[in-house]
Structure formats: structure tokens, C-alpha cells
Amino acid sequence: MLDDLNELRTFRAILAEGSLSAAARRLGVTLAVVSRRLAVLERRVGMRLIHRTTRALSPTQDGARLLDAIEAALDGLDQAELRLAGARDEPSGLLRVSAPVSFGRRFVAPLLGGLAALHPRLSVQLALSDRVVDLVGEGFDVAVRIGRPADSSAVMRRLADNQRILVAAPAYLDTAGRPDAPEQLRGHAFLRYGGAAAPWRLHGADGRTAELDAPARLHADSGDAVHDWALSGFGIMLKSAIDVADDLASRRLERVLPGWHGGDAPVVALHPSARHLPLKTRVLLDALVARFAPSATEAGNPALRQA
């Protein structure tokens, strides 16, 4: 098929340029290649297509009819190539993204709205859920998560450094006291997400670690609900620093044990495969990287400056 198209393009170039040698220069091939392509084309159609004289070339009656058909066909192919090139340069199709509820609403949703406005051929479906989704099984292009993923089959891009930290409302700490060491947390009210009962493992700046049972009377399957309880002064929660940075800056929440943290919880973007990554996915990943650069380190995130 490729050879057939080359022969048709060569035939058109010969008649446009008026000679085989000029056609060869236009096509960037040798004169012998042009002569061979014309001969093969005439042999395949079983008729002479060009009148040859010492001064000029002109199409035969059959050649003129073929030229009209070639012009229409090749113009259609050229337009199709241009459309395909445009599709490669412009993200399109449905982009399915998963993100945690609170974090996704604050950071991911606005970014996706901006991408949709920038790329009219792109459609977006955002699933906000605190559960860990199955990227391939549920058909997601990208999942944004907080914390190191357990899914080793997914490709991970780190977006921002982050830690889990202890926070509480100043009013609660005014009443219950401000602990100076992990052992002084005993007897405090704790707020927990989900039904997890595992101890909180705390890490000190000097390399020490401490485990806290953190029994809680208030549990919720929503991170936002736990967050609201903390803001209302019901106790201490262990929360991603990037989620409470604004509350700390406005003093709605206060860091508890500033020299301790609950472990690294980087913000990451996961996608199923690095091979043949669609343009829509690449555009989103690049936008996420730009959104969180510089990452939420001690210099960029007030929640981590005392970690």
C-alpha cells in the first residue's frame, strides 16, 4: 500500500513539475526511482498515462482522469494526517481520576476544571473517595493518593513531600493541656478515621520512636468529619500536614508535639502503565507536578517547619 501511494504521489509530482528530473528533486529521490515508479504504475493500470515529447510531458486522456482521482484521494489523506497530528497535539477523550475526598476537592478538582477549560476536547470524571481504588479494574487513568501506595504494579510519580502530624484546636489544648512528650498524651481525647485500632507510631526529630494506643470514642469513616471534630475542639487527630496547613496558618488548629510526626505520607499520582501513555494522562501528570512544585517541604509548608 505504501508503494502504491508513492507511485501516485510521484505521478502527480511529474505532471506538476513537467519533467521526471524536476519531480525527482521535489520528492528528494533519484531520477531512476521516479522512472521506475511511473513504469510500475502504468504497468499495473495497463495503459499509458503520460505523453512524452522532447520538450514536455502531458497526461493522456486516461492519465488526466487518473490525476483527478489521485488529487481527490491524496488531498483526503493529507487532511486525515493533519487531523491525526492535531489529535496527537491536543488531549482528548474521557479522563477518569480518583482522589481523596477532602484533598481532591481542594486541590485536584480546581486543577481538572482548569484543564477542561484549556482543552475543549477533554472530558473529566473525578471520583472523590477515601478508599483505595483499583486503577485497572475500575478504569481510572490516574489516582492521586496521600501515603506510600501498596500497589506495586502501578507507576508512581511523587508530587509533594508530606507527613502526618498531630493537631488539635487551641481551645481543646487550653483545657486539656499541651503535652511536651509522647508519654504525656495518655488521657487525652483522640479522634480517629475509620475503624482502625492500630497504635499511632510517632517519630522524633532525634530518631526516637514512640507508640501510642490512642483509644478513641469518636470514629468516622470520613476524614472531613474527623477534621470537623478537631476544629470543634473534641480532641487530637493525626492528619496529613498538607490537609491542615491552612488551619495551622490561621490558628484554627495547633500542632501537638511539634518535634514529632506520624511518618511520611507523600502526595503521589499513580497510573497503570508507563508504556504508550495517552496524551491526556501526560498533560494531567505534568499539571499535577507543576501544581505542587515546590513540594510541601519545611520551606514550603508551614505544617512541616517544626517537624
# chains A, B, ... in the order shown; residues from 1 in each chain; ligands from 1

call {"tool": "residues_around", "arguments": {"residues": "Leu112 in chain A", "least_positions_apart": "4", "cutoff": "10 Å", "atoms": "only C-alpha atoms", "output": "PDB file with C-alpha atoms, in the first residue's frame"}}
result
ATOM      1  CA  LEU A  95     -10.022  11.396  31.720  1.00  0.00           C
ATOM      2  CA  VAL A  97      -9.332  10.475  38.075  1.00  0.00           C
ATOM      3  CA  PHE A 107      -6.529  20.631  45.118  1.00  0.00           C
ATOM      4  CA  VAL A 108      -7.439  18.201  42.337  1.00  0.00           C
ATOM      5  CA  ALA A 116     -11.049  21.114  30.865  1.00  0.00           C
ATOM      6  CA  ALA A 117     -11.293  24.836  30.148  1.00  0.00           C
ATOM      7  CA  LEU A 118      -7.906  24.792  28.429  1.00  0.00           C
ATOM      8  CA  SER A 123     -13.825  15.365  29.335  1.00  0.00           C
ATOM      9  CA  VAL A 124     -13.183  14.783  33.035  1.00  0.00           C
ATOM     10  CA  GLN A 125     -14.710  12.402  35.549  1.00  0.00           C
ATOM     11  CA  LEU A 126     -13.463  12.873  39.129  1.00  0.00           C
ATOM     12  CA  LEU A 284      -2.632  15.802  33.838  1.00  0.00           C
ATOM     13  CA  ALA A 287      -0.149  19.796  35.627  1.00  0.00           C
ATOM     14  CA  LEU A 288      -0.079  17.985  38.981  1.00  0.00           C
TER      15      LEU A 288
END

call {"tool": "residues_around", "arguments": {"residues": "Leu257 in chain A", "least_positions_apart": "5", "cutoff": "8 Å", "atoms": "only C-alpha atoms", "output": "PyMOL selection string"}}
result
chain A and resi 166+179-182

call {"tool": "write_last_selection", "arguments": {"atoms": "N, CA and C atoms", "output": "tab-separated table (two decimals), in the first residue's frame"}}
result
chain	number	residue	atom	x	y	z
A	166	LEU	N	0.24	15.48	64.47
A	166	LEU	CA	-0.80	15.60	65.49
A	166	LEU	C	-1.24	17.05	65.59
A	179	PRO	N	0.86	18.66	75.73
A	179	PRO	CA	1.90	17.70	76.09
A	179	PRO	C	3.26	18.09	75.52
A	180	ASP	N	4.32	17.75	76.27
A	180	ASP	CA	5.68	18.02	75.82
A	180	ASP	C	6.39	16.77	75.33
A	181	ALA	N	5.82	15.60	75.57
A	181	ALA	CA	6.42	14.33	75.18
A	181	ALA	C	5.31	13.33	74.88
A	182	PRO	N	5.59	12.30	74.08
A	182	PRO	CA	4.55	11.33	73.72
A	182	PRO	C	3.86	10.69	74.92

call {"tool": "residues_around", "arguments": {"residues": "Gly223 in chain A", "least_positions_apart": "4", "cutoff": "12 Å", "atoms": "only C-alpha atoms", "output": "ChimeraX atom specification"}}
result
/A:100-104,128-131,191-195,219,227-230,237-240,243-244

call {"tool": "write_last_selection", "arguments": {"atoms": "N, CA and C atoms", "output": "PDB file, in the first residue's frame"}}
result
ATOM      1  N   PRO A 100      -8.619  11.461  47.152  1.00  0.00           N
ATOM      2  CA  PRO A 100      -9.286  11.510  48.453  1.00  0.00           C
ATOM      3  C   PRO A 100     -10.284  12.666  48.507  1.00  0.00           C
ATOM      4  N   VAL A 101     -11.324  12.510  49.310  1.00  0.00           N
ATOM      5  CA  VAL A 101     -12.437  13.460  49.299  1.00  0.00           C
ATOM      6  C   VAL A 101     -11.981  14.884  49.571  1.00  0.00           C
ATOM      7  N   SER A 102     -11.415  15.131  50.729  1.00  0.00           N
ATOM      8  CA  SER A 102     -11.065  16.500  51.112  1.00  0.00           C
ATOM      9  C   SER A 102      -9.946  17.057  50.247  1.00  0.00           C
ATOM     10  N   PHE A 103      -8.882  16.291  50.113  1.00  0.00           N
ATOM     11  CA  PHE A 103      -7.740  16.725  49.311  1.00  0.00           C
ATOM     12  C   PHE A 103      -8.146  16.921  47.856  1.00  0.00           C
ATOM     13  N   GLY A 104      -8.936  15.988  47.334  1.00  0.00           N
ATOM     14  CA  GLY A 104      -9.361  16.087  45.942  1.00  0.00           C
ATOM     15  C   GLY A 104     -10.216  17.308  45.676  1.00  0.00           C
ATOM     16  N   LEU A 128     -14.308  11.187  43.981  1.00  0.00           N
ATOM     17  CA  LEU A 128     -13.765  11.540  45.285  1.00  0.00           C
ATOM     18  C   LEU A 128     -14.123  10.448  46.276  1.00  0.00           C
ATOM     19  N   SER A 129     -13.105   9.780  46.776  1.00  0.00           N
ATOM     20  CA  SER A 129     -13.323   8.691  47.729  1.00  0.00           C
ATOM     21  C   SER A 129     -12.052   8.489  48.533  1.00  0.00           C
ATOM     22  N   ASP A 130     -12.219   8.217  49.827  1.00  0.00           N
ATOM     23  CA  ASP A 130     -11.056   7.960  50.679  1.00  0.00           C
ATOM     24  C   ASP A 130     -10.583   6.515  50.582  1.00  0.00           C
ATOM     25  N   ARG A 131     -11.309   5.662  49.870  1.00  0.00           N
ATOM     26  CA  ARG A 131     -10.870   4.276  49.723  1.00  0.00           C
ATOM     27  C   ARG A 131      -9.813   4.185  48.626  1.00  0.00           C
ATOM     28  N   LEU A 191      -9.216  11.460  68.119  1.00  0.00           N
ATOM     29  CA  LEU A 191     -10.184  11.399  67.026  1.00  0.00           C
ATOM     30  C   LEU A 191      -9.572  10.531  65.936  1.00  0.00           C
ATOM     31  N   ARG A 192     -10.340   9.524  65.494  1.00  0.00           N
ATOM     32  CA  ARG A 192      -9.742   8.582  64.547  1.00  0.00           C
ATOM     33  C   ARG A 192     -10.623   8.389  63.318  1.00  0.00           C
ATOM     34  N   TYR A 193      -9.923   8.194  62.232  1.00  0.00           N
ATOM     35  CA  TYR A 193     -10.576   7.952  60.939  1.00  0.00           C
ATOM     36  C   TYR A 193     -10.757   6.450  60.737  1.00  0.00           C
ATOM     37  N   GLY A 194     -11.948   6.044  60.330  1.00  0.00           N
ATOM     38  CA  GLY A 194     -12.211   4.643  60.060  1.00  0.00           C
ATOM     39  C   GLY A 194     -12.296   3.833  61.332  1.00  0.00           C
ATOM     40  N   GLY A 195     -12.210   2.518  61.172  1.00  0.00           N
ATOM     41  CA  GLY A 195     -12.297   1.636  62.333  1.00  0.00           C
ATOM     42  C   GLY A 195     -10.941   1.171  62.812  1.00  0.00           C
ATOM     43  N   HIS A 219     -15.019   7.944  66.228  1.00  0.00           N
ATOM     44  CA  HIS A 219     -14.503   7.406  64.974  1.00  0.00           C
ATOM     45  C   HIS A 219     -15.408   7.886  63.848  1.00  0.00           C
ATOM     46  N   HIS A 227     -11.888  15.827  60.781  1.00  0.00           N
ATOM     47  CA  HIS A 227     -11.332  17.182  60.706  1.00  0.00           C
ATOM     48  C   HIS A 227     -12.259  18.180  61.406  1.00  0.00           C
ATOM     49  N   ASP A 228     -13.545  18.068  61.131  1.00  0.00           N
ATOM     50  CA  ASP A 228     -14.518  18.970  61.756  1.00  0.00           C
ATOM     51  C   ASP A 228     -14.544  18.787  63.269  1.00  0.00           C
ATOM     52  N   TRP A 229     -14.437  17.546  63.742  1.00  0.00           N
ATOM     53  CA  TRP A 229     -14.395  17.311  65.185  1.00  0.00           C
ATOM     54  C   TRP A 229     -13.192  18.010  65.818  1.00  0.00           C
ATOM     55  N   ALA A 230     -12.053  17.918  65.134  1.00  0.00           N
ATOM     56  CA  ALA A 230     -10.857  18.564  65.664  1.00  0.00           C
ATOM     57  C   ALA A 230     -11.041  20.080  65.732  1.00  0.00           C
ATOM     58  N   MET A 237      -6.184  14.803  66.570  1.00  0.00           N
ATOM     59  CA  MET A 237      -6.214  13.885  65.420  1.00  0.00           C
ATOM     60  C   MET A 237      -4.833  13.820  64.791  1.00  0.00           C
ATOM     61  N   LEU A 238      -4.583  12.699  64.121  1.00  0.00           N
ATOM     62  CA  LEU A 238      -3.368  12.503  63.330  1.00  0.00           C
ATOM     63  C   LEU A 238      -3.767  12.717  61.878  1.00  0.00           C
ATOM     64  N   LYS A 239      -3.212  13.757  61.267  1.00  0.00           N
ATOM     65  CA  LYS A 239      -3.720  14.185  59.953  1.00  0.00           C
ATOM     66  C   LYS A 239      -2.557  14.572  59.040  1.00  0.00           C
ATOM     67  N   SER A 240      -2.779  14.405  57.743  1.00  0.00           N
ATOM     68  CA  SER A 240      -1.790  14.822  56.756  1.00  0.00           C
ATOM     69  C   SER A 240      -1.519  16.318  56.874  1.00  0.00           C
ATOM     70  N   ASP A 243      -3.133  18.734  54.510  1.00  0.00           N
ATOM     71  CA  ASP A 243      -4.565  18.948  54.693  1.00  0.00           C
ATOM     72  C   ASP A 243      -4.876  20.001  55.748  1.00  0.00           C
ATOM     73  N   VAL A 244      -3.956  20.230  56.672  1.00  0.00           N
ATOM     74  CA  VAL A 244      -4.238  21.155  57.782  1.00  0.00           C
ATOM     75  C   VAL A 244      -3.361  22.395  57.736  1.00  0.00           C
TER      76      VAL A 244
END

call {"tool": "atom_distance", "arguments": {"atom1": "CA of Ile70 in chain A", "atom2": "CA of Glu7 in chain A"}}
result
10.4 Å

call {"tool": "select_by_dssp", "arguments": {"residues": "range 125-170 of chain A", "states": "strand (DSSP E or B)", "output": "list of chain:residue names"}}
result
A:Gln125, A:Leu126, A:Ala127, A:Leu128, A:Val142, A:Ala143, A:Val144, A:Arg145, A:Ile146, A:Val155, A:Met156, A:Arg157, A:Arg158, A:Leu159, A:Ala160, A:Gln163, A:Arg164, A:Ile165, A:Leu166, A:Val167, A:Ala168

call {"tool": "decode", "arguments": {"residues": "range 96-212 of chain A", "atoms": "C-alpha atoms", "output": "PDB file, in the first residue's frame"}}
result
ATOM      1  CA  ARG A  96     -11.018   9.415  34.841  1.00  0.00           C
ATOM      2  CA  VAL A  97      -9.332  10.475  38.075  1.00  0.00           C
ATOM      3  CA  SER A  98      -9.601   9.277  41.675  1.00  0.00           C
ATOM      4  CA  ALA A  99      -8.607  11.373  44.680  1.00  0.00           C
ATOM      5  CA  PRO A 100      -9.286  11.510  48.453  1.00  0.00           C
ATOM      6  CA  VAL A 101     -12.437  13.460  49.299  1.00  0.00           C
ATOM      7  CA  SER A 102     -11.065  16.500  51.112  1.00  0.00           C
ATOM      8  CA  PHE A 103      -7.740  16.725  49.311  1.00  0.00           C
ATOM      9  CA  GLY A 104      -9.361  16.087  45.942  1.00  0.00           C
ATOM     10  CA  ARG A 105     -11.971  18.801  46.441  1.00  0.00           C
ATOM     11  CA  ARG A 106      -9.384  21.390  47.487  1.00  0.00           C
ATOM     12  CA  PHE A 107      -6.529  20.631  45.118  1.00  0.00           C
ATOM     13  CA  VAL A 108      -7.439  18.201  42.337  1.00  0.00           C
ATOM     14  CA  ALA A 109     -10.914  19.409  41.323  1.00  0.00           C
ATOM     15  CA  PRO A 110      -9.832  23.020  40.583  1.00  0.00           C
ATOM     16  CA  LEU A 111      -6.875  21.752  38.554  1.00  0.00           C
ATOM     17  CA  LEU A 112      -9.104  19.443  36.497  1.00  0.00           C
ATOM     18  CA  GLY A 113     -11.553  22.274  35.889  1.00  0.00           C
ATOM     19  CA  GLY A 114      -8.705  24.380  34.536  1.00  0.00           C
ATOM     20  CA  LEU A 115      -7.533  21.577  32.239  1.00  0.00           C
ATOM     21  CA  ALA A 116     -11.049  21.114  30.865  1.00  0.00           C
ATOM     22  CA  ALA A 117     -11.293  24.836  30.148  1.00  0.00           C
ATOM     23  CA  LEU A 118      -7.906  24.792  28.429  1.00  0.00           C
ATOM     24  CA  HIS A 119      -8.584  21.683  26.322  1.00  0.00           C
ATOM     25  CA  PRO A 120     -12.122  21.672  24.857  1.00  0.00           C
ATOM     26  CA  ARG A 121     -11.838  18.088  23.566  1.00  0.00           C
ATOM     27  CA  LEU A 122     -11.093  16.741  27.040  1.00  0.00           C
ATOM     28  CA  SER A 123     -13.825  15.365  29.335  1.00  0.00           C
ATOM     29  CA  VAL A 124     -13.183  14.783  33.035  1.00  0.00           C
ATOM     30  CA  GLN A 125     -14.710  12.402  35.549  1.00  0.00           C
ATOM     31  CA  LEU A 126     -13.463  12.873  39.129  1.00  0.00           C
ATOM     32  CA  ALA A 127     -14.253  10.224  41.749  1.00  0.00           C
ATOM     33  CA  LEU A 128     -13.765  11.540  45.285  1.00  0.00           C
ATOM     34  CA  SER A 129     -13.323   8.691  47.729  1.00  0.00           C
ATOM     35  CA  ASP A 130     -11.056   7.960  50.679  1.00  0.00           C
ATOM     36  CA  ARG A 131     -10.870   4.276  49.723  1.00  0.00           C
ATOM     37  CA  VAL A 132      -8.028   2.854  47.636  1.00  0.00           C
ATOM     38  CA  VAL A 133      -9.374   2.239  44.133  1.00  0.00           C
ATOM     39  CA  ASP A 134      -8.348  -0.481  41.698  1.00  0.00           C
ATOM     40  CA  LEU A 135      -6.799   1.546  38.875  1.00  0.00           C
ATOM     41  CA  VAL A 136      -7.096  -1.056  36.131  1.00  0.00           C
ATOM     42  CA  GLY A 137     -10.191  -2.874  37.383  1.00  0.00           C
ATOM     43  CA  GLU A 138     -12.189   0.346  37.772  1.00  0.00           C
ATOM     44  CA  GLY A 139     -10.816   2.025  34.660  1.00  0.00           C
ATOM     45  CA  PHE A 140      -9.051   5.033  36.178  1.00  0.00           C
ATOM     46  CA  ASP A 141      -6.360   6.888  34.260  1.00  0.00           C
ATOM     47  CA  VAL A 142      -4.802   8.463  37.358  1.00  0.00           C
ATOM     48  CA  ALA A 143      -5.249   8.104  41.114  1.00  0.00           C
ATOM     49  CA  VAL A 144      -3.958  10.822  43.428  1.00  0.00           C
ATOM     50  CA  ARG A 145      -3.197   9.480  46.892  1.00  0.00           C
ATOM     51  CA  ILE A 146      -1.637  10.529  50.158  1.00  0.00           C
ATOM     52  CA  GLY A 147       0.813   7.969  51.514  1.00  0.00           C
ATOM     53  CA  ARG A 148       3.015   5.307  50.007  1.00  0.00           C
ATOM     54  CA  PRO A 149       0.918   3.011  47.792  1.00  0.00           C
ATOM     55  CA  ALA A 150       0.740  -0.714  48.380  1.00  0.00           C
ATOM     56  CA  ASP A 151       0.017  -1.356  44.692  1.00  0.00           C
ATOM     57  CA  SER A 152       3.482  -2.136  43.317  1.00  0.00           C
ATOM     58  CA  SER A 153       2.142  -2.701  39.774  1.00  0.00           C
ATOM     59  CA  ALA A 154       1.206   0.966  39.325  1.00  0.00           C
ATOM     60  CA  VAL A 155       3.644   3.596  38.129  1.00  0.00           C
ATOM     61  CA  MET A 156       4.115   6.272  40.787  1.00  0.00           C
ATOM     62  CA  ARG A 157       5.049   9.929  40.419  1.00  0.00           C
ATOM     63  CA  ARG A 158       5.845  11.747  43.643  1.00  0.00           C
ATOM     64  CA  LEU A 159       4.122  15.138  43.733  1.00  0.00           C
ATOM     65  CA  ALA A 160       4.902  16.540  47.193  1.00  0.00           C
ATOM     66  CA  ASP A 161       6.665  15.622  50.399  1.00  0.00           C
ATOM     67  CA  ASN A 162       4.284  15.368  53.312  1.00  0.00           C
ATOM     68  CA  GLN A 163       3.962  13.970  56.831  1.00  0.00           C
ATOM     69  CA  ARG A 164       1.161  13.008  59.178  1.00  0.00           C
ATOM     70  CA  ILE A 165       1.155  15.223  62.251  1.00  0.00           C
ATOM     71  CA  LEU A 166      -0.798  15.595  65.492  1.00  0.00           C
ATOM     72  CA  VAL A 167      -3.098  18.619  65.662  1.00  0.00           C
ATOM     73  CA  ALA A 168      -5.887  19.923  67.872  1.00  0.00           C
ATOM     74  CA  ALA A 169      -7.905  23.089  68.382  1.00  0.00           C
ATOM     75  CA  PRO A 170      -6.257  25.664  70.676  1.00  0.00           C
ATOM     76  CA  ALA A 171      -9.408  25.664  72.844  1.00  0.00           C
ATOM     77  CA  TYR A 172      -9.043  21.927  73.464  1.00  0.00           C
ATOM     78  CA  LEU A 173      -5.368  22.262  74.384  1.00  0.00           C
ATOM     79  CA  ASP A 174      -6.122  25.222  76.674  1.00  0.00           C
ATOM     80  CA  THR A 175      -8.388  22.897  78.649  1.00  0.00           C
ATOM     81  CA  ALA A 176      -6.644  19.510  78.364  1.00  0.00           C
ATOM     82  CA  GLY A 177      -3.059  20.760  78.379  1.00  0.00           C
ATOM     83  CA  ARG A 178      -0.232  20.829  75.872  1.00  0.00           C
ATOM     84  CA  PRO A 179       1.901  17.699  76.087  1.00  0.00           C
ATOM     85  CA  ASP A 180       5.682  18.021  75.821  1.00  0.00           C
ATOM     86  CA  ALA A 181       6.422  14.331  75.177  1.00  0.00           C
ATOM     87  CA  PRO A 182       4.547  11.331  73.720  1.00  0.00           C
ATOM     88  CA  GLU A 183       4.008   9.779  77.135  1.00  0.00           C
ATOM     89  CA  GLN A 184       2.089  12.880  78.188  1.00  0.00           C
ATOM     90  CA  LEU A 185      -0.557  12.122  75.549  1.00  0.00           C
ATOM     91  CA  ARG A 186      -2.101   9.462  77.762  1.00  0.00           C
ATOM     92  CA  GLY A 187      -5.526  10.520  78.949  1.00  0.00           C
ATOM     93  CA  HIS A 188      -6.149  12.873  76.030  1.00  0.00           C
ATOM     94  CA  ALA A 189      -9.179  12.557  73.739  1.00  0.00           C
ATOM     95  CA  PHE A 190      -8.322  11.149  70.326  1.00  0.00           C
ATOM     96  CA  LEU A 191     -10.184  11.399  67.026  1.00  0.00           C
ATOM     97  CA  ARG A 192      -9.742   8.582  64.547  1.00  0.00           C
ATOM     98  CA  TYR A 193     -10.576   7.952  60.939  1.00  0.00           C
ATOM     99  CA  GLY A 194     -12.211   4.643  60.060  1.00  0.00           C
ATOM    100  CA  GLY A 195     -12.297   1.636  62.333  1.00  0.00           C
ATOM    101  CA  ALA A 196      -8.518   1.393  62.680  1.00  0.00           C
ATOM    102  CA  ALA A 197      -7.345   0.425  66.144  1.00  0.00           C
ATOM    103  CA  ALA A 198      -3.614   0.125  65.424  1.00  0.00           C
ATOM    104  CA  PRO A 199      -1.336   2.263  67.609  1.00  0.00           C
ATOM    105  CA  TRP A 200      -0.058   5.538  66.267  1.00  0.00           C
ATOM    106  CA  ARG A 201       3.680   5.274  65.656  1.00  0.00           C
ATOM    107  CA  LEU A 202       5.419   8.585  66.223  1.00  0.00           C
ATOM    108  CA  HIS A 203       8.874   9.592  65.017  1.00  0.00           C
ATOM    109  CA  GLY A 204      11.036  12.162  66.775  1.00  0.00           C
ATOM    110  CA  ALA A 205      13.494  14.547  65.219  1.00  0.00           C
ATOM    111  CA  ASP A 206      16.341  12.808  67.068  1.00  0.00           C
ATOM    112  CA  GLY A 207      15.469   9.410  65.592  1.00  0.00           C
ATOM    113  CA  ARG A 208      13.442   8.145  68.555  1.00  0.00           C
ATOM    114  CA  THR A 209      10.114   6.420  68.020  1.00  0.00           C
ATOM    115  CA  ALA A 210       7.098   6.021  70.271  1.00  0.00           C
ATOM    116  CA  GLU A 211       3.873   4.041  70.000  1.00  0.00           C
ATOM    117  CA  LEU A 212       0.578   5.422  71.229  1.00  0.00           C
TER     118      LEU A 212
END
